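Asker: Mind looking over this structure? Questions follow.
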Amino acid sequence: MYKNYFYKNIEINVQKYWYKKKIFKTIENFNKKKYYVLCMIPYPSGNLHIGHIRNYTIGDIISRYNRMKGKNVMQPIGWDAFGLPAEKTAIEKKILPSIWTYKNIKNMKKQLNLLGFSYDWDKEIITCKPNYYKWEQWFFIKLYKKKFIYKKKSLINWCKYDKTVLANEQVINNNCWRCDNKIKKKKLSQWFLKINLYSKQLLNDLKYLTHWPIKVKNMQKNWIGKIKKFKIFLNILNNTEKIIIYINKVDFLLYITYIIISIDNLISIKLSKKNNKIKKFINKYKKNYKKKIKGINTNLFAIHPILNVKLPIWIVNFNLNNFNKSKIATPKFNKKSLKFAIKYNIPIKLIISKNIKKLNIKKKKKIIFKKFIYLGIIKKNILYNLMDWNISRQRYWGNPIPMINIFNNSLIPISQNKLPIILPENIYINNLITPLKLNLNWSKIFINNKYFKLETDTLDTFIESSWYYIRYTCLKYNKNIIKLISANYWLPIDQYIGGIEHANMHLLYLRFFHKIFRDFGLINYNEPVKKLICQGMVLSHSFYYINKKKKIWVNKKKINIILNKKKIKFIDKNNNNIKYSGIIKMSKSKNNGINLINIIKKYGSDAIRLFIIYAVPIEIELEWNELQLIGIFKFLKRFWKIIINHIKIKKKKKKIEILNNKQKKIIILLHKLINEVTYYIKYKQFFNIVISKIMKFINTINYLVLIKKINNLILHECLLVLIRLLYPFIPHLCFKVWKLLGEKNDIDYISWPKFNKKLIIKKLKIIIQINSKFYTKINIKFNYNKEFIFNIIKKKILFKKKKIINNILKIIYIERKIFNIIFKNKFILKYIN
């Protein structure tokens with residue numbers, strides 16, 4: 001009956017059992033240590049791709065492992081269901097965005113269940129449902145009342161193709177992050193969230209994220225962009241106004257010859273009301289940035305704070321950055337400043353007094369700085385590149401902003417008892433219509449016997465994904481956005497998994513929202529995520545042909561290869577000349593994905609899970625290779641066969657009292673395996689090494705079975721351990737064979753195997769070096785990690801004084817061999833015992 005590995009029947013039956021029994025349902029248990037595992041919330045695009053599967057498989061392995069370690073594990077799932085793709089697809093297919101979204105959710109949920117992920121489906125979030133976005137509207141109002149949110153006319157990033165605004169984080173190389181088309185600058189009245197207020201915290205708290213990839217932290221560090229500058233106030237001749245400028249070096253002031261101000265500087269705006277030429281100049285350039293720099297003379301002069309000379313002030317045809325609307329021009333050091341000065345015939349020589357000329361650079365800086373401090377015209381400033389987050393979107397399929405227009409277009413928030421403002425799901429839209437142009441009944445609200453117009457912008461969908469992880473902890477709680485006791489039990493997230501491409505968007509917004517919730521007294525922790533994994537992308541071969549100057553991507557299964565005079569040519573069934581585009585990220589848009597359902601039918605979900613984990617380390621890019629998948633499938637069939645053949649041998653179980661040398665070796669190898677697998681899962685997350693070691697051990701016992709050199713009882717013990725070690729990776733097969741081996745309890749409730757320390761004790765000699773020179777040797781009983789070994793060194797050998805520890809520059813640990821401690825002070829050796 002069980003001779004062949006019937007993976008289809010096994011997987012379907014096991015999945016039905018899990019679903020029926022709600023095996024993975026989680027509740028708060030304050031007597032048990034919690035473990036919160038979360039993969040980034042997916043967008044319901046229609047079909048899962050292998051990138052999704054890789055992400056969720058990693059999360060599921062970590063969940064199942066920690067559950068076996070006795071922890072109360074929560075692994076929820078949800079859907080980031082609002083957004084532009086649904087709206088664009090609805091326009092293209094002439095259907096409702098809601099129909100497309102819910103259909104995709106149903107389809108993707110089915111696919112997730114086919115892969116056996118251990119989700120608690122009672123905690124499923126769908127962000128386009130009113131019971132979720134109601135609380136987002138509620139929090140928007142709280143933020144507005146606390147002046148964290150404001151609306152103003154601003155020059156924004158506009159995607160003409162998608163017909164919506166983009167936040168700065170959503171513009172990559174001046175292109176839209178989603179459609180890759182060039183963005184334009186446009187002036188619109190928009191809603192902003194004051195993320196800039198948290199720049200310092202977001203930057204400084206990166207040092208506490210010790211289990212985040214260094215690359216992600218560096219990306220956020222560079223994006224937030226701490227800048228040290230001097231803020232200087234310059235008087236304007238015959239005017240009460242002052243010009244504020246920021247400079248990097250104080251001595252630059254000796255070389256200023258003129259000042260430029262942006263078209264949105266307050267001085268420019270005031271002058272435009274009086275001067276028609278300046279007004280025309282500003283109106284011409286305020287909407288669009290021009291590469292060629294042009295200027296207009298204001299006929300105003302700033303007074304040099306030291307030399308007391310006049311510095312002409314010019315308006316230029318672009319906006320400067322968010323904190324600096326005016327700049328000094330130093331033609332001596334800056335080519336652009338020189339070019340502009342020559343073009344407009346601005347004098348470029350500055351008369352410096354003989355006394356100052358004679359001074360060296362250091363003395364110049366000191367004199368200038370002291371004088372400025374004395375006069376009160378200089379101030380040290382720390383600034384950040386991070387600009388306030390533009391959260392308005394000019395689209396329909398999004399969360400309505402809970403504000404209404406009253407008299408004179410002034411805005412007030414909706415009262416709490418009117419929430420949620422429900423977005424109707426039955427509106428058909430076309431490509432020419434945006435909410436700005438719609439005149440719909442839903443955009444009006446009846447209050448105190450009067451109709452008021454609702455705000456028609458919707459919120460950036462990154463808002464929904466910035467706090468969803470908190471709502472998982474109290475999804476059915478209706479008294480507040482967060483249930484404090486639940487949030488503080490589950491948070492922070494112990495393990496978060498998602499792509500590195502979200503470093504400066506989702507991951508930054510997630511940290512920002514968490515800090516706001518903390519400051520509102522809704523949670524107690526500073527950071528949302530303890531440990532972050534950024535899995536590598538899944539790659540595949542890609543092909544295309546050109547049609548009307550546009551790339552048409554073709555799936556490789558629809559391509560024929562023709563060899564012609566030692567040259568390879570690709571054509572499709574329509575004889576289009578196909579070009580090879582290399583191995584790139586697997587995606588729908590590039591038509592280089594695979595049909596997941598077909599692959600599951602062919603090999604089973606356990607084989608796919610194991611291939612994804614075994615092929616390469618989880619942080620490395622994975623190239624899709626069906627031949628490797630076939631190899632994994634054969635391994636599973638071999639493992640199945642070993643177990644079935646073992647079951648057929650009917651021998652009474654009895655405990656072996658005395659082990660011979662060969663039997664001892666097998667048991668020692670087994671316990672070494674448990675030790676190594678546990679170490680590589682818990683500390684390193686080197687899942688590919690784990691599988692490699694398990695495979696090696698299985699091949700060993702299979703060989704011993706073939707040559708009849710293994711006791712049946714020892715083989716039984718080995719198989720029970722192997723099944724438990726493999727359970728997080730291939731849960732369906734393990735569930736089935738655990739029962740076939742006669743175990744009464746389901747493997748879902750069985751604990752992780754423990755290794756016998758006495759069996760595998762082997763003293764390991766570690767060489768201790770000080771400043772790369774031999775100092776001594778120590779014996780370690782186990783292959784512990786760097787922190788453990790360092791603690792032993794501190795206790796047994798040295799570092800009785802604090803100044804010794806504080807003098808350590810870095811530690812270099814070559815695993816199992818050398819522990820090298822590098823000190824800042826080379827004379828430190830005299831303090832070491």
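To be explicit about the labels: the chains of the structure tokens are called A, B, and onward in the order shown, and within each one the residues are counted from 1, while ligands get numbers from 1 in the order they are shown.
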Assign secondary structure with DSSP using the backbone only, and return the residues of stretch 651-792 of chain A in alpha helix (DSSP H) as a ChimeraX atom specification.
Answerer: /A:661-679,687-706,712-726,731-740,757-760,786-792
Asker: List as a list in words the protein and nucleic acid residues near A:Lys682, meaning an atom at most 12 Å away when only C-alpha atoms are counted, but skip any in the same chain fewer than 2 places from it.
Answerer: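 Contacts, in chain order: Ile61, Ile62, Ser63, Tyr65, Asn66, Lys69, Gln495, Ile674, Asn675, Glu676, Val677, Thr678, Tyr679, Tyr680, Lys684, Gln685, Phe686, Phe687, Val690, Trp752 and Asn785 of chain A.
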Asker: May I have a table of the residues of stretch 105-197 of chain A lying at most 10 Å from stretch 717-738 of chain A, giving each one's closest pair of atoms and their distance in Å to one decimal, counting only C-alpha atoms, ordered by chain and ascending residue number, as a tab-separated table?
Answerer:
```
residue	atom	partner	partner_atom	distance
A:Leu115	CA	A:His732	CA	9.3
A:Gly116	CA	A:His732	CA	7.4
A:Phe117	CA	A:Pro731	CA	9.1
A:Ser118	CA	A:Pro731	CA	9.6
```
Asker: Do you have the atom CA of A:Lys34-atom CA of A:Cys534 distance handy?
Answerer: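 Result for atom CA of A:Lys34 versus atom CA of A:Cys534: 22.5 Å, one decimal.
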Asker: Just the number, please: distance in Å from atom CA of A:Ile485 to atom CA of A:Glu28, one decimal.
Answerer: 9.6 Å
Asker: For A:Lys200, list every protein, DNA or RNA residue within 10 Å, evaluated using only C-alpha atoms, and leave out those in the same chain fewer than 4 positions away; present the list as JSON, numbers by chain.
Answerer: {"A": [196, 204, 205, 224, 225, 226, 382, 383, 384, 386]}
Asker: Pick the closest to A:Ala341 from A:Ile259, A:Ile445, A:Ile552, A:Val538: which is it, counting only C-alpha atoms?
Answerer: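 Closest to A:Ala341, using only C-alpha atoms: A:Ile259.
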